[in-house]
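Enquirer: I have a structure here, written as structure tokens, and I will follow up with some questions on it.
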Number of protein chains: 4
Amino acid sequence: MTRHVWFNQKRFYRVSKTASVSNPKEPPFAQGAYSPRTDLAVEAHEMARGPEKSLPGVDESHEDLEEGIHISRVHVRTVQAERRIGKKKGHYVTLEAPGLRHRDPDLQEKVSEKLAEELNSLLRLKENATVLVVGLGNANVTPDALGPLVVQRLFVTRHLFRFMPEIMDEGYRTVSAVSPGVLGITGIETTEIVQGIVEHVRPDAIIAIDALASRSLSRVNSTIQIADTGIQPGAGIGNKRKALDQSTCGVPVIAIGVPTVIDAATIANDAVELILQQLKHTVPGNGANKIFDQMNPNEKWQLIREVLDPLGNNLIVTPKEIDEFVEDVAHVVAKGLNVALHPGMTMDEAAVLTH
Amino acid sequence: MTRHVWFNQKRFYRVSKTASVSNPKEPPFAQGAYSPRTDLAVEAHEMARGPEKSLPGVDESHEDLEEGIHISRVHVRTVQAERRIGKKKGHYVTLEAPGLRHRDPDLQEKVSEKLAEELNSLLRLKENATVLVVGLGNANVTPDALGPLVVQRLFVTRHLFRFMPEIMDEGYRTVSAVSPGVLGITGIETTEIVQGIVEHVRPDAIIAIDALASRSLSRVNSTIQIADTGIQPGAGIGNKRKALDQSTCGVPVIAIGVPTVIDAATIANDAVELILQQLKHTVPGNGANKIFDQMNPNEKWQLIREVLDPLGNNLIVTPKEIDEFVEDVAHVVAKGLNVALHPGMTMDEAAVLTH
Amino acid sequence: MTRHVWFNQKRFYRVSKTASVSNPKEPPFAQGAYSPRTDLAVEAHEMARGPEKSLPGVDESHEDLEEGIHISRVHVRTVQAERRIGKKKGHYVTLEAPGLRHRDPDLQEKVSEKLAEELNSLLRLKENATVLVVGLGNANVTPDALGPLVVQRLFVTRHLFRFMPEIMDEGYRTVSAVSPGVLGITGIETTEIVQGIVEHVRPDAIIAIDALASRSLSRVNSTIQIADTGIQPGAGIGNKRKALDQSTCGVPVIAIGVPTVIDAATIANDAVELILQQLKHTVPGNGANKIFDQMNPNEKWQLIREVLDPLGNNLIVTPKEIDEFVEDVAHVVAKGLNVALHPGMTMDEAAVLTH
Amino acid sequence: MTRHVWFNQKRFYRVSKTASVSNPKEPPFAQGAYSPRTDLAVEAHEMARGPEKSLPGVDESHEDLEEGIHISRVHVRTVQAERRIGKKKGHYVTLEAPGLRHRDPDLQEKVSEKLAEELNSLLRLKENATVLVVGLGNANVTPDALGPLVVQRLFVTRHLFRFMPEIMDEGYRTVSAVSPGVLGITGIETTEIVQGIVEHVRPDAIIAIDALASRSLSRVNSTIQIADTGIQPGAGIGNKRKALDQSTCGVPVIAIGVPTVIDAATIANDAVELILQQLKHTVPGNGANKIFDQMNPNEKWQLIREVLDPLGNNLIVTPKEIDEFVEDVAHVVAKGLNVALHPGMTMDEAAVLTH
């Protein structure tokens with residue numbers, strides 16, 4: 001990097017709120033083989049297990065509901081499995097409902113209910129438990145705004161229980177909620193902010209909401225993952241460095257995430273894989289075949305990097321209608337959360353809150 | 001209150017994000033005499049001192065700058081004075097620049113510079129001091145959005161010093177910034193959130209930005225108050241209950257506030273005072289005169305309450321162009337802060353950040 | 001006005017988007033007597049008729065619905081009545097539902113239905129009629145944003161009928177919608193923009209949505225006025241100069257308005273009136289009484305102007321929770337409109353659109 | 001398509017504001033060979049001319065400025081050339097400044113000045129010419145918001161010249177501006193709305209601002225194209241069907257566009273091209289080589305479609321920091337426009353307006 005670019009780079013970091021925080025002297029891409037990024041355990045397992053049914057130490061099961069919802073359950077049981085699929089030990093429940101992309105109101109209702117149900121079975125909150133909801137992400141970047149949008153639609157009650165207890169009925173839990181903002185705007189890691197708040201609010205559990213990246217386009221905006229593992233570094237659209245989980249927060253952290261983007265590198269990688277696969281069948285001779293097999297992951301990754309240069313691995317792919325999708329999904333998640341956290345809330349109250 | 005209204009009231013509090021938190025069974029107005037609300041010490045002193053030059057225990061001085069900026073300095077020295085004017089012991093500097101309402105770019109620049117200067121002389125930061133800026137208020141309510149708007153325009157550096165120290169030059173301090181949101185959305189008092197963050201970030205000082213209410217229309221959107229007393233309960237447009245100051249945070253808290261509204265009750269009160277004053281001169285006879293003097297504060301307040309019924313004391317008065325004013329003032333404050341906190345920053349860098 | 005102020009004033013108008021357009025050399029207040037401003041015909045009639053039941057040429061009737069909705073119908077029948085109450089000849093239907101301020105979901109639903117019903121009976125659209133909805137006001141100023149917020153929540157179909165007719169079912173009308181923006185941002189009067197669009201779109205009717213000012217606080221955010229007279233100059237929160245009605249647009253223009261503010265002058269005036277009334281009873285002697293009666297409207301208005309100086313008659317009074325109120329009312333109006341315009345639309349489809 | 005999907009599809013179009021308007025029964029991709037989409041003439045020429053210096057009927061020249069700005073000028077002179085490169089006859093000036101991605105304030109200033117200069121030389125406005133600026137695109141979708149963001153930052157004067165001519169000085173032109181909204185929200189084609197407004201405002205020229213798609217990542221957010229050809233169907237991020245140009249509007253239409261996205265299909269295509277090129281060199285034997293050459297465009301396109309399935313060709317690629325980029329570029333364009341349209345405006349007035 002020349003001195004001039006370096007100077008501009010410094011200046012850029014000085015004036016940019018959302019530039020990824022990484023050493024600008026380092027190459028913008030990871031070295032070595034490319035592995036498409038996914039924040040969904042069901043996809044990570046799929047990639048890691050290859051043609052096998054499952055990896056050792058991982059249980060996976062599936063269920064198809066009548067309403068057009070598919071539920072996958074991935075249980076990462078061992079540390080070895082954790083390392084191989086790159087997802088923390090724990091339970092991951094994925095609700096897939098392609099119809100969510102079609103704004104079907106009945107389906108939205110069903111998904112909210114199912115989400116509440118699965119959340120309850122992962123979290124098993126006591127009747128009088130207190131919960132802190134954390135909306136991660138940047139409210140100003142449409143596909144990253146899921147967390148803040150959900151927080152705005154929640155029924156928070158902690159202040160009501162404190163200052164106006166006489167207005168609260170049975171069936172409501174003590175809920176508080178924050179949108180801590182992103183590192184580029186606060187200068188503080190999300191986990192640090194949340195830790196500080198947790199020490200004062202002392203919730204029995206944390207629910208963290210985040211926009212995710214998936215590996216497959218078919219899961220974008222149609223999938224909700226619920227995990228009892230918290231949020232791990234590198235997950236979500238922004239860059240997080242410190243885990244937000246039981247070990248850092250001292251209480252269980254449930255993560256609810258929705259893939260709203262895929263990496264541009266994934267698109268490029270898919271194209272490369274597909275053409276190599278196709279050529280294997282068309283190009284005659286064993287020699288050719290060998291070459292396709294020999295094209296090692298590093299070479300492929302090198303190629304992808306060339307495609308994405310000069311903007312580096314900082315590109316996201318998103319549908320044009322992303323604003324509508326994110327609003328809709330925020331609505332679905334918030335409604336599910338409101339009903340799960342407040343068993344006494346009627347659906348019409350939940351509806352007013354979330355519109 | 002009938003049972004039905006009470007039920008609706010409960011429901012309302014359950015579904016409203018911004019309803020003031022106060023016991024709905026209590027009358028919406030304070031009892032006793034009305035005293036127009038102001039968050040500006042210079043106005044509180046003015047009201048308390050009456051025709052005197054100053055109250056015992058309060059120093060006040062004034063300075064007129066060439067550029068059309070008037071500076072008042074109020075020093076509340078004793079606890080007695082604190083009680084009488086209702087403002088905490090400490091220093092309050094007020095910059096008044098009526099021209100700010102006319103979008104004069106030269107004046108804006110001057111006010112930013114003056115703000116930086118006064119801030120520096122109140123705060124006396126060491127070269128390598130670390131600062132946390134807190135943007136109070138509700139980003140969704142135009143006249144209350146000042147704090148969050150300023151935070152968005154700050155140059156935060158804490159993460160850069162941590163993760164990319166090589167890009168930072170001399171002349172930059174470690175700055176972080178949060179917009180904790182309002183009680184109705186988080187369920188958590190702002191002070192609790194800030195305390196938690198302070199324990200992790202461990203800043204040497206806190207600067208809190210808030211939209212204020214003034215007593216006089218002429219100060220709306222044209223005045224900036226800087227105080228070394230922190231933020232006190234009840235100040236600002238929203239309702240805060242717990243002080244954000246050195247006693248709760250452990251480090252000095254500078255408050256920067258701009259009046260963006262006045263209470264509707266103040267307008268009504270002004271009209272009442274003005275007419276009583278005028279009638280004293282027109283209505284003949286001593287008897288009449290006595291009656292005007294006897295019209296005691298409680299009666300006047302009762303009258304004002306009648307005017308504001310049924311919406312209670314929850315009404316604000318604001319110019320129609322409030323969105324432009326708030327944007328402009330946020331710009332002025334942020335530029336002043338950036339330059340005060342980062343002596344090494346050039347004005348053109350500050351300009352890019354704040355647009 | 002000194003040259004300097006005049007210069008600043010010029011500059012201000014040059015750089016301000018929302019400054020009212022009026023000759024800055026003229027006094028900011030109208031001369032003569034003050035008459036509290038209202039955009040509601042039912043209030044204008046109330047003020048004009050005094051203790052009488054109604055003015056000649058005006059019919060007024062009332063209806064109380066079980067659900068807590070009060071309906072007033074004012075019919076201004078003659079040009080003489082039009083002049084006296086300052087509202088155009090035509091029908092004005094007002095739905096008042098104080099419960100709207102309490103976010104009661106059942107009531108919201110009822111008001112939407114009632115709005116649809118009244119709209120249908122004023123408009124009597126043919127089955128295949130085409131409608132243009134115009135959302136007036138400034139999306140960036142919370143209490144003036146009603147029109148643009150409603151437009152965002154409408155089900156527009158004109159493009160679907162044109163380009164994808166096969167997806168449209170019976171029971172849907174051809175609807176288009178625009179938010180033309182305000183004079184300070186476009187430089188073009190709203191009516192000119194709408195006229196241009198009407199010539200191309202050729203709708204059978206126009207529905208214009210606007211935020212209004214009422215004379216009474218009790219009607220703010222709890223009242224919807226539907227009128228078959230179009231929008232007249234000076235109505236709404238912003239300043240409009242040219243009528244948007246059948247005479248300028250060539251087709252019927254229905255106006256739907258919700259008061260979201262009252263003028264600060266109204267508050268001051270109310271306080272003055274109330275105290276004069278009260279003093280009449282307390283101050284002894286006929287002489288005094290005469291004085292109160294003699295205090296003529298011009299003197300009162302002079303007094304109010306003193307109260308509002310220096311910001312002029314450009315101040316609005318609004319509840320702190322205005323963002324929630326406006327969102328909720330936009331939802332209610334949009335739902336009512338969607339159902340009125342598309343008889344084939346199910347309520348759950350309408351719900352998805354409006355959240 | 002099964003009946004059920006078809007039903008959902010209908011419902012989706014009925015409730016979606018931003019779904020592309022195209023027959024859902026047709027395949028989501030164009031048939032035949034894929035040609036990467038670009039709205040930049042300089043890229044279209046590059047692709048069409050292949051290794052040649054230029055196509056017949058097209059002139060292209062380049063200039064490098066000291067400040068890090070590269071200017072390309074493409075002149076499409078003939079109808080034949082128009083057809084071959086798919087861009088209308090006329091002049092296209094492209095300013096490329098990679099440094100724009102680094103928020104360099106000096107460079108931003110330079111680009112604004114250069115933009116003003118090039119605009120003036122394309123438009124040659126008379127001193128008292130009147131101009132209508134049209135901000136195309138959807139304000140709610142970050143990468144498509146450029147047009148509306150620029151309009152908000154313009155100095156519009158038409159109403160001032162009309163209603164307050166005494167405040168206007170020499171050196172200001174009559175400027176008006178609209179953001180007509182997108183087809184999915186209005187139901188009306190942008191061109192129809194603009195035509196209607198033009199008939200009332202009667203400007204001497206129109207300047208249309210739009211977000212574009214480029215073919216090359218290196219041009220995203222760092223390039224401004226100015227064209228005297230107006231906007232053609234299919235350009236921009238949204239879908240437009242009817243040209244906005246002199247033939248439809250009756251006056252010259254200058255288009256100013258900035259690429260903020262590239263199509264996901266372009267990324268996939270690039271990856272495919274790159275790997276085919278590479279394999280040609282590695283796979284031995286003439287037979288293999290032939291195969292790579294024979295892999296015809298249709299086959300490649302088929303492959304890309306497989307990659308992008310199931311979301312179809314509706315995916316955009318954008319950097320994560322898109323919100324900052326778009327704000328910055330809107331600032332640069334608005335400043336350039338303000339200075340070009342109002343020679344009398346000082347730079348500090350322009351700065352207040354655009355922050």
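Residues in the structure tokens are named by chain (A, B, ... in the order shown) and by number from 1 within that chain; ligands are numbered from 1 in the order shown.
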Hey, what's within 10 Å of range 110-113 of chain B if we count only C-alpha atoms and toss same-chain stuff fewer than 6 positions away? As a list of chain:residue names, please?
Expert: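 Once the nearby chain positions are removed, what remains is B:Glu67, B:Gly68, B:Ile69, B:Leu95, B:Glu96, B:Ala97, B:Leu100, B:Leu119, B:Thr223, B:Ile224, B:Val329, B:His331, B:Val332, B:Val333, B:Ala334, B:Lys335, B:Gly336, B:Leu337, B:Asn338, B:Val339, B:Ala340.
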Enquirer: Kindly save the residues from that selection, with N, CA, C and O atoms included, as a PDB file, in the first residue's frame.
Expert:
```pdb
ATOM      1  N   GLU B  67     -19.902  38.568  17.677  1.00  0.00           N
ATOM      2  CA  GLU B  67     -20.559  37.794  16.621  1.00  0.00           C
ATOM      3  C   GLU B  67     -22.057  37.606  16.841  1.00  0.00           C
ATOM      4  O   GLU B  67     -22.695  36.839  16.119  1.00  0.00           O
ATOM      5  N   GLY B  68     -22.622  38.237  17.848  1.00  0.00           N
ATOM      6  CA  GLY B  68     -24.047  38.031  18.101  1.00  0.00           C
ATOM      7  C   GLY B  68     -24.302  36.885  19.062  1.00  0.00           C
ATOM      8  O   GLY B  68     -25.359  36.266  19.048  1.00  0.00           O
ATOM      9  N   ILE B  69     -23.290  36.564  19.877  1.00  0.00           N
ATOM     10  CA  ILE B  69     -23.453  35.517  20.892  1.00  0.00           C
ATOM     11  C   ILE B  69     -23.406  36.185  22.261  1.00  0.00           C
ATOM     12  O   ILE B  69     -22.522  36.992  22.533  1.00  0.00           O
ATOM     13  N   LEU B  95     -24.864  29.861  26.175  1.00  0.00           N
ATOM     14  CA  LEU B  95     -24.578  30.610  24.947  1.00  0.00           C
ATOM     15  C   LEU B  95     -25.911  30.923  24.280  1.00  0.00           C
ATOM     16  O   LEU B  95     -26.664  29.999  23.949  1.00  0.00           O
ATOM     17  N   GLU B  96     -26.205  32.200  24.113  1.00  0.00           N
ATOM     18  CA  GLU B  96     -27.441  32.566  23.419  1.00  0.00           C
ATOM     19  C   GLU B  96     -27.092  33.207  22.092  1.00  0.00           C
ATOM     20  O   GLU B  96     -26.328  34.178  22.059  1.00  0.00           O
ATOM     21  N   ALA B  97     -27.666  32.702  21.030  1.00  0.00           N
ATOM     22  CA  ALA B  97     -27.386  33.260  19.704  1.00  0.00           C
ATOM     23  C   ALA B  97     -28.659  33.202  18.884  1.00  0.00           C
ATOM     24  O   ALA B  97     -28.915  32.225  18.178  1.00  0.00           O
ATOM     25  N   LEU B 100     -29.055  31.711  15.461  1.00  0.00           N
ATOM     26  CA  LEU B 100     -29.076  30.274  15.160  1.00  0.00           C
ATOM     27  C   LEU B 100     -30.388  29.863  14.508  1.00  0.00           C
ATOM     28  O   LEU B 100     -30.443  28.872  13.789  1.00  0.00           O
ATOM     29  N   LEU B 119     -16.487  24.325  26.918  1.00  0.00           N
ATOM     30  CA  LEU B 119     -16.441  22.937  27.361  1.00  0.00           C
ATOM     31  C   LEU B 119     -15.057  22.616  27.895  1.00  0.00           C
ATOM     32  O   LEU B 119     -14.905  22.028  28.979  1.00  0.00           O
ATOM     33  N   THR B 223     -30.219  28.593  22.116  1.00  0.00           N
ATOM     34  CA  THR B 223     -29.471  28.636  23.363  1.00  0.00           C
ATOM     35  C   THR B 223     -28.828  27.286  23.623  1.00  0.00           C
ATOM     36  O   THR B 223     -29.448  26.253  23.392  1.00  0.00           O
ATOM     37  N   ILE B 224     -27.585  27.308  24.081  1.00  0.00           N
ATOM     38  CA  ILE B 224     -26.937  26.062  24.512  1.00  0.00           C
ATOM     39  C   ILE B 224     -26.463  26.253  25.949  1.00  0.00           C
ATOM     40  O   ILE B 224     -25.779  27.229  26.240  1.00  0.00           O
ATOM     41  N   VAL B 329     -28.965  22.424  15.103  1.00  0.00           N
ATOM     42  CA  VAL B 329     -28.326  22.536  16.415  1.00  0.00           C
ATOM     43  C   VAL B 329     -27.500  21.280  16.704  1.00  0.00           C
ATOM     44  O   VAL B 329     -26.418  21.361  17.295  1.00  0.00           O
ATOM     45  N   HIS B 331     -25.898  19.580  14.609  1.00  0.00           N
ATOM     46  CA  HIS B 331     -24.697  19.821  13.812  1.00  0.00           C
ATOM     47  C   HIS B 331     -23.728  20.743  14.570  1.00  0.00           C
ATOM     48  O   HIS B 331     -22.529  20.464  14.676  1.00  0.00           O
ATOM     49  N   VAL B 332     -24.268  21.837  15.105  1.00  0.00           N
ATOM     50  CA  VAL B 332     -23.431  22.800  15.829  1.00  0.00           C
ATOM     51  C   VAL B 332     -22.802  22.149  17.069  1.00  0.00           C
ATOM     52  O   VAL B 332     -21.606  22.284  17.330  1.00  0.00           O
ATOM     53  N   VAL B 333     -23.604  21.412  17.818  1.00  0.00           N
ATOM     54  CA  VAL B 333     -23.104  20.790  19.040  1.00  0.00           C
ATOM     55  C   VAL B 333     -22.069  19.707  18.712  1.00  0.00           C
ATOM     56  O   VAL B 333     -21.005  19.628  19.330  1.00  0.00           O
ATOM     57  N   ALA B 334     -22.376  18.882  17.716  1.00  0.00           N
ATOM     58  CA  ALA B 334     -21.458  17.796  17.377  1.00  0.00           C
ATOM     59  C   ALA B 334     -20.113  18.343  16.896  1.00  0.00           C
ATOM     60  O   ALA B 334     -19.049  17.828  17.263  1.00  0.00           O
ATOM     61  N   LYS B 335     -20.162  19.380  16.092  1.00  0.00           N
ATOM     62  CA  LYS B 335     -18.913  19.961  15.590  1.00  0.00           C
ATOM     63  C   LYS B 335     -18.100  20.520  16.754  1.00  0.00           C
ATOM     64  O   LYS B 335     -16.883  20.304  16.834  1.00  0.00           O
ATOM     65  N   GLY B 336     -18.764  21.218  17.666  1.00  0.00           N
ATOM     66  CA  GLY B 336     -18.072  21.733  18.840  1.00  0.00           C
ATOM     67  C   GLY B 336     -17.452  20.610  19.666  1.00  0.00           C
ATOM     68  O   GLY B 336     -16.294  20.679  20.086  1.00  0.00           O
ATOM     69  N   LEU B 337     -18.201  19.544  19.853  1.00  0.00           N
ATOM     70  CA  LEU B 337     -17.702  18.413  20.633  1.00  0.00           C
ATOM     71  C   LEU B 337     -16.522  17.742  19.945  1.00  0.00           C
ATOM     72  O   LEU B 337     -15.510  17.429  20.582  1.00  0.00           O
ATOM     73  N   ASN B 338     -16.645  17.497  18.648  1.00  0.00           N
ATOM     74  CA  ASN B 338     -15.556  16.827  17.930  1.00  0.00           C
ATOM     75  C   ASN B 338     -14.259  17.614  18.054  1.00  0.00           C
ATOM     76  O   ASN B 338     -13.192  17.046  18.297  1.00  0.00           O
ATOM     77  N   VAL B 339     -14.353  18.915  17.911  1.00  0.00           N
ATOM     78  CA  VAL B 339     -13.160  19.742  17.967  1.00  0.00           C
ATOM     79  C   VAL B 339     -12.619  19.825  19.401  1.00  0.00           C
ATOM     80  O   VAL B 339     -11.409  19.801  19.629  1.00  0.00           O
ATOM     81  N   ALA B 340     -13.508  19.870  20.376  1.00  0.00           N
ATOM     82  CA  ALA B 340     -13.050  19.933  21.773  1.00  0.00           C
ATOM     83  C   ALA B 340     -12.384  18.631  22.194  1.00  0.00           C
ATOM     84  O   ALA B 340     -11.367  18.626  22.886  1.00  0.00           O
TER      85      ALA B 340
END
```
Enquirer: Give me, as number ranges by chain, all polymer residues having an atom no more than 7 Å from His91 in chain C, counting only C-alpha atoms and skipping those fewer than 6 positions away in the same chain.
Expert: C: 74-76, 227-228
Enquirer: Skipping near chain neighbours, those fewer than 2 positions away, what residues fall within 7 Å of range 125-131 of chain C using only C-alpha atoms, listed as an MDAnalysis selection string?
Expert: chainID C and resid 120 123 133 173:176 203:206
Enquirer: Counting only C-alpha atoms, which of A:Met164, A:Leu212, A:Ala139, A:Val194 gets nearest to Val182 in chain A?
Expert: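 Looking at the shortest contact to Val182 in chain A, the residue is A:Ala139.
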Enquirer: Determine which residues of range 46-106 of chain A DSSP labels as strand (DSSP E or B) from the backbone of this structure, then write them out as number ranges by chain.
Expert: A: 58-64, 70-76, 90-96
Enquirer: Counting only C-alpha atoms, which of B:Thr38, B:Thr346, B:Gln277, B:Ser247 gets nearest to chain D?
Expert: B:Thr346
Enquirer: Just the number, please: distance in Å from CA of Val258 in chain D to CA of Ser179 in chain D, one decimal.
Expert: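 We find that CA of Val258 in chain D and CA of Ser179 in chain D lie 16.6 Å from each other.
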Enquirer: Can you tell me which residues surround Val141 in chain A at a distance of at most 9 Å, considering only C-alpha atoms, apart from same-chain residues fewer than 2 positions away, and format the answer as a PyMOL selection string?
Expert: (chain A and resi 137-139+143-145) or (chain D and resi 142+320-323)
Enquirer: Go ahead and save the residues from that selection, with N, CA, C and O atoms, as a PDB file, in the first residue's frame.
Expert:
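Done, and the output landed in out_23.pdb:
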```pdb
ATOM      1  N   GLY A 137     -27.360  -4.860  15.919  1.00  0.00           N
ATOM      2  CA  GLY A 137     -27.353  -4.392  14.540  1.00  0.00           C
ATOM      3  C   GLY A 137     -27.531  -2.890  14.413  1.00  0.00           C
ATOM      4  O   GLY A 137     -27.766  -2.186  15.393  1.00  0.00           O
ATOM      5  N   ASN A 138     -27.419  -2.449  13.176  1.00  0.00           N
ATOM      6  CA  ASN A 138     -27.414  -1.021  12.850  1.00  0.00           C
ATOM      7  C   ASN A 138     -28.762  -0.588  12.274  1.00  0.00           C
ATOM      8  O   ASN A 138     -29.138  -1.008  11.181  1.00  0.00           O
ATOM      9  N   ALA A 139     -29.457   0.255  13.004  1.00  0.00           N
ATOM     10  CA  ALA A 139     -30.796   0.657  12.579  1.00  0.00           C
ATOM     11  C   ALA A 139     -30.788   1.401  11.246  1.00  0.00           C
ATOM     12  O   ALA A 139     -31.814   1.469  10.569  1.00  0.00           O
ATOM     13  N   PRO A 143     -30.794  -4.114   5.868  1.00  0.00           N
ATOM     14  CA  PRO A 143     -30.773  -5.543   6.195  1.00  0.00           C
ATOM     15  C   PRO A 143     -30.196  -5.839   7.582  1.00  0.00           C
ATOM     16  O   PRO A 143     -30.300  -6.969   8.055  1.00  0.00           O
ATOM     17  N   ASP A 144     -29.601  -4.856   8.234  1.00  0.00           N
ATOM     18  CA  ASP A 144     -29.024  -5.082   9.565  1.00  0.00           C
ATOM     19  C   ASP A 144     -29.924  -4.537  10.678  1.00  0.00           C
ATOM     20  O   ASP A 144     -29.583  -4.562  11.850  1.00  0.00           O
ATOM     21  N   ALA A 145     -31.106  -4.032  10.296  1.00  0.00           N
ATOM     22  CA  ALA A 145     -31.939  -3.303  11.259  1.00  0.00           C
ATOM     23  C   ALA A 145     -32.899  -4.193  12.037  1.00  0.00           C
ATOM     24  O   ALA A 145     -33.677  -3.703  12.849  1.00  0.00           O
TER      25      ALA A 145
ATOM     26  N   THR D 142     -32.107   1.820   1.173  1.00  0.00           N
ATOM     27  CA  THR D 142     -30.876   2.597   1.253  1.00  0.00           C
ATOM     28  C   THR D 142     -30.193   2.811  -0.095  1.00  0.00           C
ATOM     29  O   THR D 142     -29.954   3.964  -0.478  1.00  0.00           O
ATOM     30  N   LYS D 320     -21.462  -3.159   2.744  1.00  0.00           N
ATOM     31  CA  LYS D 320     -22.156  -3.050   4.025  1.00  0.00           C
ATOM     32  C   LYS D 320     -22.335  -1.600   4.466  1.00  0.00           C
ATOM     33  O   LYS D 320     -23.284  -1.268   5.145  1.00  0.00           O
ATOM     34  N   GLU D 321     -21.397  -0.757   4.096  1.00  0.00           N
ATOM     35  CA  GLU D 321     -21.461   0.639   4.563  1.00  0.00           C
ATOM     36  C   GLU D 321     -22.314   1.505   3.638  1.00  0.00           C
ATOM     37  O   GLU D 321     -22.142   2.723   3.571  1.00  0.00           O
ATOM     38  N   ILE D 322     -23.254   0.896   2.936  1.00  0.00           N
ATOM     39  CA  ILE D 322     -23.998   1.615   1.910  1.00  0.00           C
ATOM     40  C   ILE D 322     -24.671   2.882   2.434  1.00  0.00           C
ATOM     41  O   ILE D 322     -24.791   3.878   1.715  1.00  0.00           O
ATOM     42  N   ASP D 323     -25.120   2.889   3.691  1.00  0.00           N
ATOM     43  CA  ASP D 323     -25.825   4.080   4.189  1.00  0.00           C
ATOM     44  C   ASP D 323     -24.915   5.302   4.194  1.00  0.00           C
ATOM     45  O   ASP D 323     -25.301   6.399   3.795  1.00  0.00           O
TER      46      ASP D 323
END
```
Enquirer: Would you give me, as a VMD selection string, the residues in range 21-264 of chain A that DSSP reads as helix (DSSP H, G or I)?
Expert: chain A and resid 41 to 49 79 to 85 98 to 102 105 to 123 142 to 144 146 to 152 158 to 163 165 to 167 183 to 186 190 to 201 217 to 219 246 to 249 264
Enquirer: Range 48-51 of chain B: which residues within 12 Å, counting only C-alpha atoms, same-chain residues fewer than 6 positions away excluded, as a list in words?
Expert: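 Selected residues are Ser35, Pro36, Thr38, Ala41, Val42, Gly57, Val58, Asp59, Glu60, Ala81, Glu82, Arg83, Arg84, Ile85, Gly86 and Lys87 of chain B.
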Enquirer: Between B:Ile267, B:Leu341, B:Ala44, B:Ile167, single out the one closest to chain C, counting only C-alpha atoms.
Expert: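 So, comparing all the options, the nearest one is B:Ile267.
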